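**Q** My structure is in run_18.cif, and what it holds is mmCIF, C-alpha atoms and all ligand atoms:
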```cif
data_entry
loop_
_atom_site.label_atom_id
_atom_site.label_comp_id
_atom_site.auth_asym_id
_atom_site.auth_seq_id
_atom_site.Cartn_x
_atom_site.Cartn_y
_atom_site.Cartn_z
CA MET Y 109 -156.30 -90.87 227.09
CA SER Y 110 -156.65 -94.46 225.85
CA LYS Y 111 -153.52 -96.55 225.80
CA GLY Y 112 -151.76 -96.34 222.50
CA ARG Y 113 -150.06 -99.25 220.82
CA ILE Y 114 -148.47 -100.45 217.62
CA LEU Y 115 -149.72 -103.49 215.72
CA ILE Y 116 -147.24 -104.53 213.03
CA VAL Y 117 -149.48 -106.29 210.55
CA GLY Y 118 -148.66 -108.73 207.74
CA LEU Y 119 -151.18 -108.36 204.91
CA GLY Y 120 -150.13 -111.58 203.13
CA PRO Y 121 -149.22 -111.75 199.44
CA GLY Y 122 -152.42 -110.17 198.10
CA PRO Y 123 -155.88 -111.67 198.41
CA ASP Y 124 -158.04 -111.25 201.53
CA LYS Y 125 -158.32 -115.02 201.96
CA TRP Y 126 -154.60 -115.00 202.81
CA LEU Y 127 -155.04 -112.33 205.50
CA THR Y 128 -155.22 -113.88 208.98
CA PRO Y 129 -158.29 -113.20 211.16
CA GLU Y 130 -155.93 -111.57 213.69
CA ALA Y 131 -154.60 -109.18 211.03
CA SER Y 132 -158.15 -108.33 209.84
CA GLU Y 133 -159.15 -107.51 213.40
CA ALA Y 134 -156.11 -105.26 213.84
CA LEU Y 135 -157.10 -103.32 210.70
CA MET Y 136 -160.60 -102.82 212.16
CA VAL Y 137 -159.47 -101.48 215.54
CA ALA Y 138 -156.60 -99.28 214.29
CA THR Y 139 -157.11 -95.51 214.48
CA ASP Y 140 -154.18 -95.06 212.08
CA VAL Y 141 -152.71 -97.17 209.29
CA ILE Y 142 -149.14 -96.53 208.22
CA GLY Y 143 -147.34 -98.16 205.30
CA TYR Y 144 -146.09 -98.15 201.74
CA ILE Y 145 -148.60 -96.47 199.38
CA PRO Y 146 -149.90 -99.53 197.42
CA TYR Y 147 -150.59 -101.53 200.58
CA VAL Y 148 -152.36 -98.70 202.37
CA GLU Y 149 -154.40 -97.74 199.30
CA ARG Y 150 -155.61 -101.30 198.85
CA LEU Y 151 -157.28 -101.25 202.28
CA PRO Y 152 -160.91 -100.11 202.49
CA ASP Y 153 -161.58 -96.67 203.97
CA ARG Y 154 -162.98 -96.81 207.48
CA GLN Y 155 -164.69 -94.08 209.45
CA GLY Y 156 -162.47 -92.70 212.18
CA GLN Y 157 -159.33 -94.25 210.71
CA THR Y 158 -156.54 -92.15 209.23
CA LYS Y 159 -154.35 -93.58 206.49
CA HIS Y 160 -150.74 -92.46 206.22
CA ALA Y 161 -149.31 -93.74 202.93
CA THR Y 162 -145.62 -93.11 202.31
CA ASP Y 163 -142.96 -93.90 199.79
CA ASN Y 164 -140.98 -97.13 200.15
CA ARG Y 165 -137.66 -95.53 200.99
CA VAL Y 166 -138.68 -93.91 204.25
CA GLU Y 167 -139.19 -96.96 206.46
CA ILE Y 168 -137.41 -95.48 209.45
CA ASP Y 169 -139.42 -92.23 209.33
CA ARG Y 170 -142.56 -94.34 209.07
CA ALA Y 171 -141.53 -96.35 212.13
CA ARG Y 172 -140.73 -93.16 214.07
CA HIS Y 173 -144.10 -91.70 213.12
CA ALA Y 174 -145.84 -94.88 214.37
CA LEU Y 175 -144.04 -94.65 217.73
CA ASP Y 176 -144.97 -90.96 218.12
CA LEU Y 177 -148.65 -91.62 217.32
CA ALA Y 178 -148.80 -94.63 219.69
CA GLN Y 179 -147.31 -92.49 222.47
CA GLN Y 180 -150.09 -89.95 221.86
CA GLY Y 181 -152.70 -92.69 222.47
CA HIS Y 182 -153.35 -93.87 218.91
CA VAL Y 183 -153.74 -97.53 217.93
CA VAL Y 184 -151.40 -97.71 214.95
CA ALA Y 185 -151.37 -100.51 212.40
CA VAL Y 186 -148.03 -100.57 210.58
CA VAL Y 187 -148.68 -102.68 207.50
CA SER Y 188 -146.39 -104.73 205.25
CA GLY Y 189 -147.13 -107.12 202.40
CA GLY Y 190 -146.53 -110.80 203.18
CA ASP Y 191 -145.04 -111.30 206.63
CA PRO Y 192 -144.00 -108.08 208.40
CA GLY Y 193 -140.86 -109.76 209.75
CA VAL Y 194 -139.52 -110.80 206.33
CA PHE Y 195 -137.67 -107.92 204.57
CA ALA Y 196 -140.34 -105.56 205.93
CA MET Y 197 -141.54 -103.10 208.57
CA ALA Y 198 -141.12 -105.08 211.82
CA ALA Y 199 -137.34 -104.71 211.74
CA ALA Y 200 -137.69 -100.99 210.88
CA VAL Y 201 -139.87 -100.43 213.94
CA PHE Y 202 -137.40 -102.24 216.20
CA GLU Y 203 -134.53 -100.29 214.66
CA ALA Y 204 -136.34 -97.08 215.66
CA VAL Y 205 -136.94 -98.47 219.17
CA ASP Y 206 -133.27 -99.49 219.43
CA ALA Y 207 -132.17 -95.95 218.53
CA GLY Y 208 -134.95 -94.39 220.61
CA SER Y 209 -135.91 -93.36 224.13
CA ASP Y 210 -137.21 -95.14 227.23
CA ALA Y 211 -140.72 -94.17 226.08
CA ASP Y 212 -140.08 -96.07 222.84
CA ARG Y 213 -138.92 -99.14 224.78
CA ALA Y 214 -142.07 -98.95 226.93
CA THR Y 215 -144.40 -98.70 223.92
CA ASP Y 216 -146.82 -101.60 223.52
CA ILE Y 217 -145.83 -103.33 220.25
CA GLN Y 218 -147.21 -106.53 218.79
CA VAL Y 219 -146.09 -108.25 215.57
CA LEU Y 220 -148.89 -110.11 213.76
CA PRO Y 221 -147.52 -112.67 211.28
CA GLY Y 222 -148.59 -113.03 207.67
CA ILE Y 223 -148.08 -115.48 204.83
CA SER Y 224 -144.78 -114.61 203.18
CA ALA Y 225 -144.33 -114.60 199.40
CA MET Y 226 -142.11 -117.69 199.49
CA GLN Y 227 -144.81 -119.68 201.28
CA ALA Y 228 -147.53 -118.57 198.85
CA ALA Y 229 -145.25 -119.33 195.90
CA ALA Y 230 -144.28 -122.72 197.32
CA ALA Y 231 -147.93 -123.63 197.80
CA ARG Y 232 -148.69 -122.79 194.17
CA LEU Y 233 -145.71 -124.75 192.86
CA GLY Y 234 -146.01 -127.91 194.96
CA ALA Y 235 -143.53 -128.27 197.83
CA PRO Y 236 -140.18 -126.76 196.82
CA LEU Y 237 -139.41 -125.74 200.43
CA GLY Y 238 -139.84 -129.30 201.71
CA HIS Y 239 -136.19 -129.46 202.78
CA ASP Y 240 -133.60 -126.86 203.93
CA PHE Y 241 -133.90 -123.50 202.21
CA CYS Y 242 -132.82 -119.89 202.57
CA ALA Y 243 -134.28 -116.52 201.62
CA ILE Y 244 -132.10 -113.79 200.14
CA SER Y 245 -133.14 -110.29 199.12
CA LEU Y 246 -131.38 -109.02 196.00
CA SER Y 247 -132.04 -105.42 196.95
CA ASP Y 248 -128.73 -103.66 197.40
CA ASN Y 249 -130.35 -100.54 198.87
CA LEU Y 250 -129.69 -101.78 202.37
CA LYS Y 251 -126.58 -103.93 201.99
CA PRO Y 252 -123.49 -103.96 199.77
CA TRP Y 253 -123.56 -106.12 196.65
CA ASP Y 254 -120.48 -108.13 197.75
CA VAL Y 255 -122.48 -109.39 200.75
CA ILE Y 256 -125.21 -110.59 198.38
CA ILE Y 257 -122.59 -112.41 196.28
CA ARG Y 258 -121.07 -114.00 199.39
CA ARG Y 259 -124.48 -115.25 200.52
CA LEU Y 260 -125.47 -116.59 197.10
CA LYS Y 261 -122.17 -118.50 196.92
CA ALA Y 262 -122.68 -119.91 200.42
CA ALA Y 263 -126.27 -120.90 199.58
CA ALA Y 264 -125.11 -122.71 196.45
CA GLU Y 265 -122.24 -124.32 198.35
CA GLY Y 266 -124.65 -125.45 201.09
CA ASP Y 267 -127.06 -126.81 198.44
CA PHE Y 268 -130.01 -124.89 199.87
CA VAL Y 269 -133.17 -124.19 197.93
CA ILE Y 270 -132.98 -120.41 197.43
CA ALA Y 271 -135.97 -118.05 197.58
CA LEU Y 272 -134.96 -114.72 196.02
CA TYR Y 273 -136.94 -111.65 197.10
CA ASN Y 274 -136.65 -108.23 195.42
CA PRO Y 275 -135.04 -109.75 192.30
CA ALA Y 276 -135.34 -106.60 190.17
CA SER Y 277 -136.99 -103.23 189.86
CA LYS Y 278 -137.28 -100.62 187.12
CA THR Y 279 -134.30 -98.75 188.53
CA ARG Y 280 -132.36 -101.94 189.34
CA PRO Y 281 -132.72 -104.41 186.45
CA GLN Y 282 -129.20 -105.85 186.82
CA PRO Y 283 -129.04 -107.84 190.12
CA ILE Y 284 -130.99 -110.86 188.92
CA HIS Y 285 -128.77 -111.15 185.81
CA ASP Y 286 -125.63 -111.06 187.97
CA ALA Y 287 -127.14 -113.53 190.46
CA PHE Y 288 -128.01 -116.00 187.68
CA ALA Y 289 -124.55 -115.66 186.12
CA LEU Y 290 -123.00 -116.56 189.46
CA LEU Y 291 -125.40 -119.43 190.24
CA ARG Y 292 -124.88 -120.89 186.74
CA SER Y 293 -121.18 -121.14 187.49
CA LEU Y 294 -121.89 -123.06 190.72
CA LYS Y 295 -124.97 -125.23 190.07
CA LYS Y 296 -126.11 -127.70 187.39
CA PRO Y 297 -127.93 -126.26 184.34
CA SER Y 298 -130.76 -128.76 185.00
CA THR Y 299 -131.52 -127.19 188.42
CA PRO Y 300 -135.25 -126.33 188.53
CA VAL Y 301 -136.16 -122.63 188.63
CA ALA Y 302 -139.58 -121.05 189.16
CA PHE Y 303 -140.56 -117.43 188.57
CA ALA Y 304 -143.68 -116.88 190.70
CA ARG Y 305 -145.13 -113.47 189.93
CA ALA Y 306 -147.93 -111.70 191.86
CA VAL Y 307 -148.97 -114.94 193.53
CA GLY Y 308 -152.62 -114.84 194.63
CA ARG Y 309 -153.37 -111.67 192.64
CA PRO Y 310 -155.34 -111.37 189.38
CA ASP Y 311 -152.11 -110.84 187.42
CA GLU Y 312 -150.44 -113.97 188.84
CA ARG Y 313 -148.00 -115.65 186.45
CA ILE Y 314 -145.96 -118.78 187.15
CA LEU Y 315 -143.10 -119.84 184.92
CA LEU Y 316 -141.22 -123.10 185.41
CA THR Y 317 -137.83 -123.58 183.81
CA THR Y 318 -134.24 -124.58 184.60
CA LEU Y 319 -131.18 -122.61 185.60
CA GLY Y 320 -129.63 -123.30 182.19
CA GLU Y 321 -132.65 -122.08 180.23
CA ALA Y 322 -134.08 -119.35 182.46
CA ASP Y 323 -134.27 -115.79 181.19
CA PRO Y 324 -133.50 -113.67 184.29
CA ALA Y 325 -135.40 -110.76 182.69
CA THR Y 326 -138.61 -112.69 183.46
CA ALA Y 327 -138.33 -111.42 187.04
CA ASP Y 328 -139.79 -108.06 188.02
CA MET Y 329 -140.40 -106.46 191.40
CA SER Y 330 -143.53 -108.59 191.99
CA THR Y 331 -141.70 -111.87 191.42
CA LEU Y 332 -140.40 -114.42 193.87
CA VAL Y 333 -137.69 -116.51 192.23
CA MET Y 334 -137.23 -120.04 193.53
CA ILE Y 335 -134.04 -121.93 192.67
CA GLY Y 336 -133.86 -125.61 193.51
CA SER Y 337 -131.26 -127.63 195.40
CA SER Y 338 -129.62 -130.64 193.73
CA GLU Y 339 -132.61 -132.68 195.00
CA THR Y 340 -135.43 -130.42 193.84
CA ARG Y 341 -137.34 -131.97 190.93
CA PHE Y 342 -140.34 -131.67 188.65
CA ILE Y 343 -143.12 -134.27 188.54
CA GLU Y 344 -144.33 -134.17 184.94
CA ARG Y 345 -148.11 -134.39 184.41
CA THR Y 346 -150.02 -134.90 181.19
CA GLY Y 347 -151.86 -131.77 180.12
CA GLN Y 348 -150.92 -129.85 183.25
CA GLU Y 349 -147.97 -127.93 184.63
CA PRO Y 350 -145.55 -130.15 186.51
CA TRP Y 351 -145.37 -130.11 190.28
CA LEU Y 352 -142.13 -128.82 191.78
CA TYR Y 353 -140.95 -130.35 195.04
CA THR Y 354 -137.93 -131.06 197.22
CA PRO Y 355 -137.95 -134.46 198.94
CA ARG Y 356 -137.74 -134.46 202.74
CA HIS Y 357 -134.87 -137.00 202.68
CA TYR Y 358 -131.53 -135.79 201.37
CA GLY Y 359 -129.43 -137.95 199.07
CA VAL Y 360 -131.72 -140.98 199.20
CA GLY Y 361 -133.23 -140.66 195.74
CA LEU Y 362 -136.51 -142.39 194.96
N1 LIG O 401 -142.68 -108.94 203.58
C1 LIG O 401 -142.84 -109.51 202.25
C2 LIG O 401 -141.62 -109.28 201.37
C3 LIG O 401 -141.33 -107.84 201.04
S1 LIG O 401 -140.00 -107.66 199.92
C4 LIG O 401 -143.18 -110.99 202.35
O1 LIG O 401 -143.05 -111.58 203.43
O2 LIG O 401 -143.58 -111.56 201.33
C5 LIG O 401 -140.89 -107.51 198.38
C6 LIG O 401 -140.66 -108.74 197.53
O3 LIG O 401 -141.50 -109.80 197.97
C7 LIG O 401 -140.99 -108.59 196.05
O4 LIG O 401 -139.95 -107.98 195.33
C8 LIG O 401 -141.20 -110.03 195.63
O5 LIG O 401 -139.95 -110.68 195.48
C9 LIG O 401 -141.86 -110.63 196.88
N2 LIG O 401 -143.33 -110.67 196.80
C10 LIG O 401 -144.21 -109.97 197.56
N3 LIG O 401 -145.48 -110.30 197.24
C11 LIG O 401 -145.41 -111.24 196.27
C12 LIG O 401 -146.38 -111.99 195.53
N4 LIG O 401 -147.70 -111.85 195.74
N5 LIG O 401 -145.93 -112.88 194.60
C13 LIG O 401 -144.60 -113.05 194.39
N6 LIG O 401 -143.64 -112.37 195.07
C14 LIG O 401 -144.03 -111.47 195.98
#
```
I'd like the structure from this file rewritten - as C-alpha cells, please.
**A**
Amino acid sequence: MSKGRILIVGLGPGPDKWLTPEASEALMVATDVIGYIPYVERLPDRQGQTKHATDNRVEIDRARHALDLAQQGHVVAVVSGGDPGVFAMAAAVFEAVDAGSDADRATDIQVLPGISAMQAAAARLGAPLGHDFCAISLSDNLKPWDVIIRRLKAAAEGDFVIALYNPASKTRPQPIHDAFALLRSLKKPSTPVAFARAVGRPDERILLTTLGEADPATADMSTLVMIGSSETRFIERTGQEPWLYTPRHYGVGL
C-alpha cells in the first residue's frame, strides 16, 4: 500500500492565477479532494480522483474523514478558499489530530499556504495593511458574540487596521450592523472603510467609503471589510478610484 498523506491546500481567493504552483501540484497528485461544496465543485474533474464535497458546518467530520482516508493509503487534498490556516480547514484537521489517536499523530500532514482574502483585497485597494493590522471573523458559530465585541473594542483601542472576515450571511445579517455601531462609538467618522467583495472573481465589487457614511448592509458573505486605523488614508485621483493605504511610519504625518 502506498503511503497516505494529507495535503491541506489553500485555493486562494478565486482565480487560478492566485493559486500557487505547489497547490496546483497537490491537486494533481491527490487521489481524494475533500472540502466545502463550492470549492470542490469549482475544481476540474480528474480521472482517478474522488471528490468529497460537504456542507460548511461539518469541518470536524471532514477532517476525520481525511485522516481515515490517509491512513488507508490515500493522498488527500483538504481544500479551503484563501489560506487554509486563516479561519479554515488547517485548524480543523489539527483539532481532529489533537482529539485523535497515535495513528493520527503519525499521519503525514502538510499545510500548503494560499493568498488570503485580506491580502487580495489589500492588493486591489492599494496598501491598507502597510502597518499593524488584525483579522477578526464576525462569525459567531464558533465563538460567543461577547468575545467578538471584546476583540473589536481592543482592536479599536489599539488603533489597528481591522480586516473583518465572515461579516454577514443570509442567516446572520446582524453582526456587521452591531460591529459598525460599536466601531462608530470608538473611532472617527472619517475613518476609511472598504467593502471588497469577491476579489479576483468575475463578480468582484469594491466600495470605498468612511465609517460615518458606510452602509453595513453592503457586506455579504463574499465580502472582506477593511476598516482603517487613524493613519489610513485615501489618495484621491482624477477620474479613478482613490488608492487606500496606511503609512509605514506611525504618527509622523506627511
Ligand atoms: N481561508 C479564507 C477565509 C475563509 S472565511 C481566506 O484565507 O481568505 C470566509 C470569508 O473570507 C468570507 O466571508 C469573506 O469575508 C472572505 N473572503 C473569502 N474569499 C474572498 C474574496 N474572494 N473576496 C473577498 N472576501 C473573501
**Q** If we count only C-alpha atoms and set the cut-off at 8 Å, which residues sit around range 199-202 of chain Y, ignoring sequence neighbours fewer than 2 positions away in its own chain? Please answer as a ChimeraX atom specification.
**A** /Y:167-168,171-172,193,195-197,204-206
**Q** Could you please extract the residues within 10 Å of ligand LIG 401 (chain O), counting all atoms listed in the file, and hand them back as an NGL selection string?
**A** :Y and (118-123 or 187-198 or 221-229 or 244-247 or 271-277 or 303-314 or 327-334)
**Q** Please give the centre and size of the box around range 263-274 of chain Y (axis-aligned, containing every atom listed in the file, 4 Å added per side), with values in Å to one decimal and written as JSON.
**A**
```
{"center_x": -129.6, "center_y": -117.5, "center_z": 198.3, "size_x": 22.7, "size_y": 26.6, "size_z": 13.7}
```
**Q** Near range 253-267 of chain Y, within 9 Å and counting only C-alpha atoms, which residues show up once chain neighbours fewer than 2 positions away are dropped, as an MDAnalysis selection string?
**A** chainID Y and resid 240:242 244:248 251 269:270 283 286:287 290:291 294:295 336:339
**Q** Please measure the separation of CA of Ile145 in chain Y and CA of Asn249 in chain Y, giving the value in Å to one decimal.
**A**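 Distance reported for this atom pair: 18.7 Å.
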